[in-house]
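Source file protein.txt; content: compact mmCIF, C-alpha atoms.
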# COMPACT_ATOMS: atom_id res chain seq x y z
CA MET H 677 32.14 -78.85 -13.53
CA LEU H 678 29.52 -77.10 -11.41
CA ARG H 679 26.16 -78.82 -11.28
CA LEU H 680 23.42 -76.18 -11.52
CA GLY H 681 19.75 -76.41 -10.70
CA ILE H 682 16.89 -74.16 -11.81
CA VAL H 683 13.96 -73.05 -9.68
CA ASP H 684 10.78 -72.08 -11.57
CA LEU H 685 10.11 -72.52 -15.27
CA ASP H 686 7.88 -69.59 -16.17
CA SER H 687 10.69 -67.48 -17.67
CA SER H 688 12.42 -68.01 -21.01
CA HIS H 689 15.69 -67.62 -19.09
CA SER H 690 15.28 -71.21 -17.88
CA VAL H 691 15.75 -72.39 -21.46
CA GLU H 692 18.19 -69.71 -22.64
CA PHE H 693 20.61 -70.19 -19.74
CA SER H 694 20.42 -74.00 -19.98
CA ARG H 695 21.21 -73.94 -23.69
CA ARG H 696 24.38 -71.99 -23.04
CA PHE H 697 25.55 -74.03 -20.07
CA ASN H 698 24.66 -77.37 -21.71
CA HIS H 699 25.98 -76.47 -25.20
CA ALA H 700 22.65 -77.33 -26.81
CA GLY H 701 20.59 -75.46 -29.38
CA VAL H 702 22.89 -72.42 -29.66
CA ASP H 703 25.99 -71.61 -31.72
CA ARG H 704 29.38 -72.48 -30.27
CA GLU H 705 30.13 -68.78 -29.70
CA GLN H 706 27.31 -68.81 -27.11
CA TRP H 707 28.62 -71.77 -25.12
CA VAL H 708 29.61 -71.29 -21.48
CA ASP H 709 32.07 -73.70 -19.87
CA GLY H 710 32.49 -74.66 -16.24
CA ALA H 711 28.89 -75.53 -15.37
CA GLN H 712 25.97 -77.63 -16.54
CA VAL H 713 22.27 -77.45 -15.69
CA VAL H 714 21.44 -80.93 -14.38
CA ALA H 715 18.01 -80.51 -12.79
CA ALA H 716 15.06 -78.15 -12.47
CA TRP H 717 12.08 -77.73 -10.17
CA SER H 718 8.96 -75.75 -10.95
CA GLY H 719 7.25 -74.64 -7.79
CA GLY H 720 4.49 -72.90 -9.74
CA SER H 721 4.08 -69.39 -11.11
CA LEU H 722 2.40 -66.21 -9.90
CA MET H 723 2.43 -64.56 -13.34
CA ALA H 724 2.58 -67.04 -16.22
CA PRO H 725 1.78 -70.67 -15.26
CA GLU H 726 0.78 -71.40 -18.85
CA ARG H 727 4.45 -71.11 -19.89
CA ILE H 728 5.68 -73.92 -17.66
CA PRO H 729 4.80 -77.01 -19.77
CA GLY H 730 6.52 -75.68 -22.90
CA PHE H 731 9.71 -74.61 -21.15
CA GLN H 732 9.81 -77.86 -19.16
CA ALA H 733 9.60 -79.91 -22.36
CA GLU H 734 12.48 -77.92 -23.89
CA LEU H 735 14.62 -78.51 -20.81
CA GLU H 736 13.92 -82.24 -20.85
CA ASP H 737 14.94 -82.33 -24.53
CA ILE H 738 18.43 -81.10 -23.60
CA GLY H 739 18.89 -83.52 -20.74
CA VAL H 740 17.73 -81.55 -17.70
CA ALA H 741 16.02 -83.74 -15.10
CA ILE H 742 12.75 -82.46 -13.61
CA VAL H 743 12.39 -82.96 -9.84
CA ASP H 744 9.39 -82.59 -7.55
CA SER H 745 10.75 -80.48 -4.68
CA HIS H 746 13.50 -78.12 -3.61
CA GLU H 747 14.76 -80.85 -1.27
CA GLN H 748 15.39 -83.15 -4.24
CA LEU H 749 17.09 -80.32 -6.10
CA ILE H 750 19.44 -79.50 -3.22
CA GLU H 751 20.69 -83.10 -3.19
CA GLN H 752 21.87 -82.88 -6.82
CA ILE H 753 23.45 -79.44 -7.27
CA ASP H 754 26.39 -77.17 -6.46
CA GLY H 755 24.61 -73.92 -7.34
CA VAL H 756 21.09 -72.72 -8.04
CA LEU H 757 19.44 -70.26 -10.42
CA ILE H 758 16.22 -68.69 -9.09
CA LEU H 759 14.52 -67.72 -12.35
CA SER H 760 10.93 -66.97 -11.26
CA LEU H 761 9.36 -64.32 -13.49
CA CYS H 762 7.83 -62.54 -10.49
CA GLY H 763 10.16 -60.78 -8.06
CA ASN H 764 7.67 -61.09 -5.19
CA CYS H 765 8.38 -64.82 -4.77
CA HIS H 766 12.20 -64.68 -4.89
CA LEU H 767 12.65 -64.60 -1.11
CA GLU H 768 10.49 -67.68 -0.64
CA LYS H 769 12.19 -69.57 -3.47
CA ALA H 770 15.76 -68.61 -2.55
CA ARG H 771 15.47 -69.18 1.21
CA PRO H 772 16.04 -72.98 1.39
CA PHE H 773 19.10 -72.80 -0.88
CA LEU H 774 20.67 -69.89 0.97
CA GLU H 775 20.09 -71.68 4.28
CA ALA H 776 21.70 -74.81 2.83
CA GLY H 777 24.78 -72.84 1.73
CA ILE H 778 24.11 -73.38 -2.00
CA PRO H 779 25.56 -70.55 -4.13
CA THR H 780 22.55 -68.69 -5.48
CA PHE H 781 21.79 -66.53 -8.50
CA VAL H 782 18.52 -64.55 -8.24
CA ASP H 783 17.22 -63.30 -11.56
CA LYS H 784 15.85 -59.82 -12.16
CA PRO H 785 13.95 -58.23 -10.56
CA PHE H 786 15.81 -59.07 -7.34
CA THR H 787 12.64 -58.40 -5.35
CA CYS H 788 9.78 -55.91 -5.46
CA SER H 789 10.23 -54.74 -1.86
CA VAL H 790 13.12 -53.46 0.23
CA SER H 791 12.24 -55.78 3.11
CA ASP H 792 12.45 -58.88 0.89
CA ALA H 793 15.74 -57.67 -0.60
CA ARG H 794 17.22 -57.16 2.87
CA LYS H 795 16.06 -60.60 4.01
CA ILE H 796 17.65 -62.34 1.02
CA ILE H 797 20.94 -60.54 1.63
CA GLU H 798 20.79 -61.27 5.38
CA LEU H 799 20.18 -64.97 4.70
CA ALA H 800 23.20 -65.06 2.41
CA GLN H 801 25.40 -63.31 4.97
CA GLN H 802 24.19 -65.37 7.94
CA ASN H 803 24.85 -68.63 6.10
CA GLN H 804 28.02 -67.40 4.33
CA THR H 805 26.38 -68.22 1.00
CA THR H 806 27.45 -66.66 -2.29
CA LEU H 807 24.66 -64.52 -3.76
CA LEU H 808 24.48 -62.82 -7.16
CA ASN H 809 21.67 -60.77 -8.69
CA SER H 810 21.97 -58.92 -11.99
CA SER H 811 20.35 -58.02 -15.26
CA ALA H 812 22.25 -59.49 -18.21
CA LEU H 813 22.68 -55.98 -19.61
CA ARG H 814 25.31 -55.15 -16.98
CA PHE H 815 27.58 -57.59 -18.82
CA SER H 816 26.72 -56.76 -22.43
CA GLN H 817 29.64 -56.29 -24.79
CA GLU H 818 28.96 -52.56 -25.17
CA VAL H 819 29.00 -51.96 -21.42
CA LYS H 820 32.23 -53.93 -21.03
CA GLU H 821 33.83 -51.93 -23.85
CA SER H 822 32.52 -48.68 -22.34
CA GLY H 823 34.36 -49.53 -19.14
CA LEU H 824 37.58 -49.77 -21.13
CA GLN H 825 36.81 -46.47 -22.87
CA ASN H 826 36.25 -44.78 -19.54
CA GLN H 827 39.80 -45.61 -18.52
CA ARG H 828 40.73 -43.20 -21.32
CA LEU H 829 37.90 -40.71 -20.93
CA GLY H 830 37.93 -40.39 -17.15
CA LYS H 831 35.12 -40.28 -14.63
CA THR H 832 31.50 -40.76 -15.74
CA ASN H 833 29.81 -37.55 -14.62
CA GLY H 834 26.29 -38.51 -15.66
CA ALA H 835 24.38 -40.91 -17.85
CA ILE H 836 21.13 -41.60 -19.68
CA THR H 837 19.94 -45.15 -20.26
CA TYR H 838 16.93 -46.25 -22.26
CA GLY H 839 14.96 -49.34 -23.16
CA PRO H 840 11.49 -50.91 -23.14
CA ALA H 841 9.29 -50.36 -20.09
CA LYS H 842 6.24 -52.53 -20.67
CA ARG H 843 4.42 -52.96 -17.38
CA SER H 844 3.06 -55.97 -15.54
CA ASP H 845 0.95 -56.19 -12.39
CA GLY H 846 3.26 -58.90 -10.98
CA ASN H 847 6.35 -56.69 -11.29
CA PRO H 848 5.09 -53.11 -10.83
CA GLY H 849 6.60 -50.04 -12.47
CA LEU H 850 10.14 -50.47 -13.75
CA PHE H 851 10.53 -53.85 -12.03
CA HIS H 852 9.42 -55.60 -15.24
CA TYR H 853 11.20 -54.78 -18.54
CA GLY H 854 12.37 -51.42 -17.23
CA ILE H 855 14.65 -53.09 -14.67
CA HIS H 856 17.28 -53.63 -17.38
CA SER H 857 17.68 -49.90 -18.03
CA VAL H 858 17.78 -49.18 -14.29
CA GLU H 859 20.54 -51.72 -13.69
CA LEU H 860 22.41 -50.36 -16.70
CA LEU H 861 22.33 -46.89 -15.10
CA PHE H 862 23.73 -48.23 -11.82
CA GLU H 863 26.43 -50.12 -13.68
CA LEU H 864 27.52 -46.83 -15.27
CA LEU H 865 27.22 -44.57 -12.21
CA GLY H 866 27.55 -46.92 -9.26
CA SER H 867 25.61 -46.65 -6.00
CA GLY H 868 24.84 -43.39 -4.24
CA CYS H 869 21.55 -42.20 -5.73
CA GLU H 870 19.71 -40.06 -3.16
CA THR H 871 16.51 -38.75 -4.78
CA VAL H 872 14.31 -39.73 -7.72
CA SER H 873 11.59 -37.93 -9.67
CA THR H 874 9.38 -39.38 -12.41
CA THR H 875 7.60 -37.94 -15.42
CA TRP H 876 5.10 -40.50 -16.71
CA SER H 877 2.74 -40.97 -19.65
CA GLU H 878 1.09 -43.96 -21.31
CA GLU H 879 3.81 -43.91 -23.98
CA ALA H 880 6.94 -43.50 -21.85
CA GLU H 881 8.41 -42.48 -18.51
CA ILE H 882 11.51 -40.51 -17.59
CA VAL H 883 13.03 -41.19 -14.18
CA THR H 884 15.77 -38.85 -13.00
CA GLY H 885 18.03 -39.64 -10.06
CA ILE H 886 20.42 -37.29 -8.28
CA TRP H 887 23.52 -38.92 -6.79
CA SER H 888 25.14 -37.87 -3.53
CA ASP H 889 28.05 -36.25 -5.38
CA GLY H 890 25.75 -34.19 -7.61
CA ARG H 891 25.80 -36.44 -10.68
CA ILE H 892 22.51 -36.91 -12.51
CA GLY H 893 21.35 -40.19 -14.03
CA THR H 894 18.23 -40.68 -16.12
CA VAL H 895 16.25 -43.72 -17.27
CA ARG H 896 13.88 -43.39 -20.22
CA GLY H 897 11.43 -46.30 -20.41
CA ASN H 898 9.63 -46.59 -23.75
CA ARG H 899 6.28 -48.25 -24.42
CA THR H 900 5.77 -47.20 -28.06
CA GLY H 901 7.95 -47.13 -31.16
CA VAL H 902 11.47 -48.54 -31.15
CA THR H 903 12.26 -50.17 -27.82
CA SER H 904 15.99 -50.93 -28.19
CA TYR H 905 18.41 -50.61 -25.28
CA GLY H 906 21.21 -48.09 -25.07
CA PHE H 907 23.02 -45.42 -23.07
CA ILE H 908 24.85 -42.12 -23.19
CA ALA H 909 27.68 -41.64 -20.69
CA TYR H 910 29.10 -38.17 -20.07
CA CYS H 911 32.77 -38.48 -19.12
CA ASP H 912 35.57 -36.03 -18.26
CA ALA H 913 37.16 -36.25 -21.70
CA GLY H 914 34.34 -37.33 -24.00
CA VAL H 915 30.83 -38.70 -24.47
CA VAL H 916 30.12 -42.38 -25.06
CA SER H 917 26.88 -43.18 -26.91
CA GLU H 918 26.00 -46.82 -27.52
CA THR H 919 23.09 -48.97 -28.61
CA VAL H 920 23.22 -52.07 -26.42
CA SER H 921 22.83 -55.41 -28.15
CA THR H 922 21.49 -58.41 -26.26
CA ARG H 923 23.35 -60.85 -28.55
CA PHE H 924 25.95 -61.90 -26.00
CA ALA H 925 24.24 -60.62 -22.85
CA TYR H 926 22.96 -64.04 -21.71
CA ARG H 927 26.29 -65.68 -22.49
CA ASN H 928 28.24 -63.06 -20.57
CA LEU H 929 25.89 -63.25 -17.59
CA CYS H 930 26.23 -67.04 -17.51
CA HIS H 931 30.03 -66.62 -17.54
CA GLU H 932 29.66 -64.24 -14.59
CA ILE H 933 27.52 -66.75 -12.69
CA VAL H 934 30.25 -69.41 -13.02
CA LYS H 935 32.95 -66.91 -12.05
CA THR H 936 30.98 -65.75 -9.00
CA PHE H 937 30.14 -69.26 -7.78
CA GLU H 938 33.79 -70.31 -8.11
CA SER H 939 35.35 -67.17 -6.60
CA LYS H 940 32.58 -66.48 -4.06
CA CYS H 941 32.98 -62.75 -4.93
CA PRO H 942 29.93 -61.28 -6.72
CA SER H 943 30.79 -58.44 -9.07
CA VAL H 944 27.45 -56.71 -8.37
CA THR H 945 27.38 -55.60 -4.75
CA HIS H 946 24.50 -56.20 -2.38
CA LYS H 947 24.35 -52.42 -1.87
CA SER H 948 23.76 -51.96 -5.59
CA ASN H 949 21.00 -54.59 -5.50
CA LEU H 950 19.29 -52.73 -2.64
CA ASP H 951 19.71 -49.33 -4.30
CA VAL H 952 18.11 -50.60 -7.52
CA VAL H 953 15.06 -51.81 -5.59
CA ARG H 954 14.82 -48.49 -3.75
CA PHE H 955 15.22 -46.54 -7.01
CA VAL H 956 12.29 -48.35 -8.66
CA LEU H 957 10.05 -47.99 -5.60
CA ALA H 958 10.93 -44.30 -5.33
CA SER H 959 10.12 -43.82 -9.02
CA LEU H 960 6.68 -45.33 -8.47
CA LYS H 961 6.03 -43.13 -5.44
CA SER H 962 7.10 -40.04 -7.41
CA GLU H 963 4.86 -41.04 -10.32
CA ARG H 964 1.88 -41.32 -7.97
CA SER H 965 2.65 -37.91 -6.46
CA SER H 966 2.77 -36.04 -9.80
CA GLY H 967 6.53 -36.14 -10.14
CA GLN H 968 7.54 -34.89 -6.70
CA PRO H 969 11.12 -35.87 -5.74
CA VAL H 970 11.32 -38.89 -3.45
CA SER H 971 14.26 -39.81 -1.22
CA LEU H 972 15.59 -43.35 -1.51
CA ARG H 973 16.09 -43.28 2.28
CA ASP H 974 12.30 -43.24 2.64
CA MET H 975 12.05 -46.60 0.86
CA THR H 976 12.15 -49.10 3.72

Can you present the structure in this file as structure tokens?
Amino acid sequence: MLRLGIVDLDSSHSVEFSRRFNHAGVDREQWVDGAQVVAAWSGGSLMAPERIPGFQAELEDIGVAIVDSHEQLIEQIDGVLILSLCGNCHLEKARPFLEAGIPTFVDKPFTCSVSDARKIIELAQQNQTTLLNSSALRFSQEVKESGLQNQRLGKTNGAITYGPAKRSDGNPGLFHYGIHSVELLFELLGSGCETVSTTWSEEAEIVTGIWSDGRIGTVRGNRTGVTSYGFIAYCDAGVVSETVSTRFAYRNLCHEIVKTFESKCPSVTHKSNLDVVRFVLASLKSERSSGQPVSLRDMT
């Protein structure tokens, strides 16, 4: 049984993940075996400090101990979940655990800069520490089933993903809610996006990427009306169109965290993590330059 610790309590994920690992407050079909959240440390919050007391109380109710420092947390755990709402602090929060060789999950957004993303990956590699970063949507039931369908339908030649894209100053552009749709696109098409262009309005944005092999992938981020998640995948022998439910997304991601920490083989590559960060930064640059195409290579 892996002993897990949580860093930062300003995201609802601190409670949602703990409920699934600790078999508390959720239906049995949501339970995840193989790990338990034993302790948590809140180092503060750059975006929503007012959330911390409520989430901390919920964690204490299901038996999670609250500690006063990352040093105390390291002494008690076999793996850590960096769940800070703001991507800009993930390097700082993950560093001591990566340096200590503690398997580390970094929640979305991975970071809000390429330099921070590189440093996190370098720390993991230098210390031979397992590192996973992913949106839960990569492991939703519909995406998993789409992968099975694609074995029948052949190569995915292009895709459109969509979902909410509410913005926040702490996580600029698509780094906030829009990150889910971006990661969904990369799960469908893989790495290799070269250029991005953005069409933006107050109500929505459309971000189009061109991959190195000529495939085109598009993210539509919605800020009005229905804001459900979904995708369309264009394959050799058919088209897959799915609305993506979040019902089992947290459960499946928690399963993936256990699997990754045990196997030391993350299913989402570090290259994909870097490409997602570059994609979002390129989309912002394109937006600010009236939709001009921006190369991901220029995002350093």

If we count only C-alpha atoms, what is near H:Ser718 at a cut-off of 7 Å, once residues fewer than 2 positions away on the same chain are taken out, given as a ChimeraX atom specification? /H:683-685,716,720

I need the chosen residues saved as a short mmCIF file (atom, residue, chain, number, x, y, z; two decimals), in the coordinates of the input, with C-alpha atoms.
data_model
loop_
_atom_site.label_atom_id
_atom_site.label_comp_id
_atom_site.auth_asym_id
_atom_site.auth_seq_id
_atom_site.Cartn_x
_atom_site.Cartn_y
_atom_site.Cartn_z
CA VAL H 683 13.96 -73.05 -9.68
CA ASP H 684 10.78 -72.08 -11.57
CA LEU H 685 10.11 -72.52 -15.27
CA ALA H 716 15.06 -78.15 -12.47
CA GLY H 720 4.49 -72.90 -9.74
#

Work out how far apart atom CA of H:Ala841 and atom CA of H:Asp792 are and give it in Å to one decimal.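 Separating atom CA of H:Ala841 from atom CA of H:Asp792 is a distance of 22.9 Å.
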
Grab the atom CA of H:Arg828 to atom CA of H:Glu918 distance for me, in Å with one decimal place.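 The value is 16.4 Å.
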
Which neighbours of H:Trp707 fall inside 8 Å, counting all atoms listed in the file, when residues of the same chain fewer than 6 positions from it are skipped, and could you give them as a VMD selection string? chain H and resid 695 to 699 927

To one decimal in Å, tell me the separation between atom CA of H:Cys911 and atom CA of H:Gln827.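 Going from atom CA of H:Cys911 over to atom CA of H:Gln827, I get 10.0 Å.
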
Counting all atoms listed in the file, I want the residues whose atoms come within 12 Å of (16.3, -74.7, -0.2) in the file frame, returned as a JSON list (two decimals) with C-alpha atoms, keeping the file's coordinate frame.
[["chain", "number", "residue", "atom", "x", "y", "z"],
["H", 681, "GLY", "CA", 19.75, -76.41, -10.70],
["H", 682, "ILE", "CA", 16.89, -74.16, -11.81],
["H", 683, "VAL", "CA", 13.96, -73.05, -9.68],
["H", 717, "TRP", "CA", 12.08, -77.73, -10.17],
["H", 719, "GLY", "CA", 7.25, -74.64, -7.79],
["H", 745, "SER", "CA", 10.75, -80.48, -4.68],
["H", 746, "HIS", "CA", 13.50, -78.12, -3.61],
["H", 747, "GLU", "CA", 14.76, -80.85, -1.27],
["H", 748, "GLN", "CA", 15.39, -83.15, -4.24],
["H", 749, "LEU", "CA", 17.09, -80.32, -6.10],
["H", 750, "ILE", "CA", 19.44, -79.50, -3.22],
["H", 751, "GLU", "CA", 20.69, -83.10, -3.19],
["H", 752, "GLN", "CA", 21.87, -82.88, -6.82],
["H", 753, "ILE", "CA", 23.45, -79.44, -7.27],
["H", 755, "GLY", "CA", 24.61, -73.92, -7.34],
["H", 756, "VAL", "CA", 21.09, -72.72, -8.04],
["H", 757, "LEU", "CA", 19.44, -70.26, -10.42],
["H", 758, "ILE", "CA", 16.22, -68.69, -9.09],
["H", 766, "HIS", "CA", 12.20, -64.68, -4.89],
["H", 767, "LEU", "CA", 12.65, -64.60, -1.11],
["H", 768, "GLU", "CA", 10.49, -67.68, -0.64],
["H", 769, "LYS", "CA", 12.19, -69.57, -3.47],
["H", 770, "ALA", "CA", 15.76, -68.61, -2.55],
["H", 771, "ARG", "CA", 15.47, -69.18, 1.21],
["H", 772, "PRO", "CA", 16.04, -72.98, 1.39],
["H", 773, "PHE", "CA", 19.10, -72.80, -0.88],
["H", 774, "LEU", "CA", 20.67, -69.89, 0.97],
["H", 775, "GLU", "CA", 20.09, -71.68, 4.28],
["H", 776, "ALA", "CA", 21.70, -74.81, 2.83],
["H", 777, "GLY", "CA", 24.78, -72.84, 1.73],
["H", 778, "ILE", "CA", 24.11, -73.38, -2.00],
["H", 779, "PRO", "CA", 25.56, -70.55, -4.13],
["H", 780, "THR", "CA", 22.55, -68.69, -5.48],
["H", 799, "LEU", "CA", 20.18, -64.97, 4.70]]
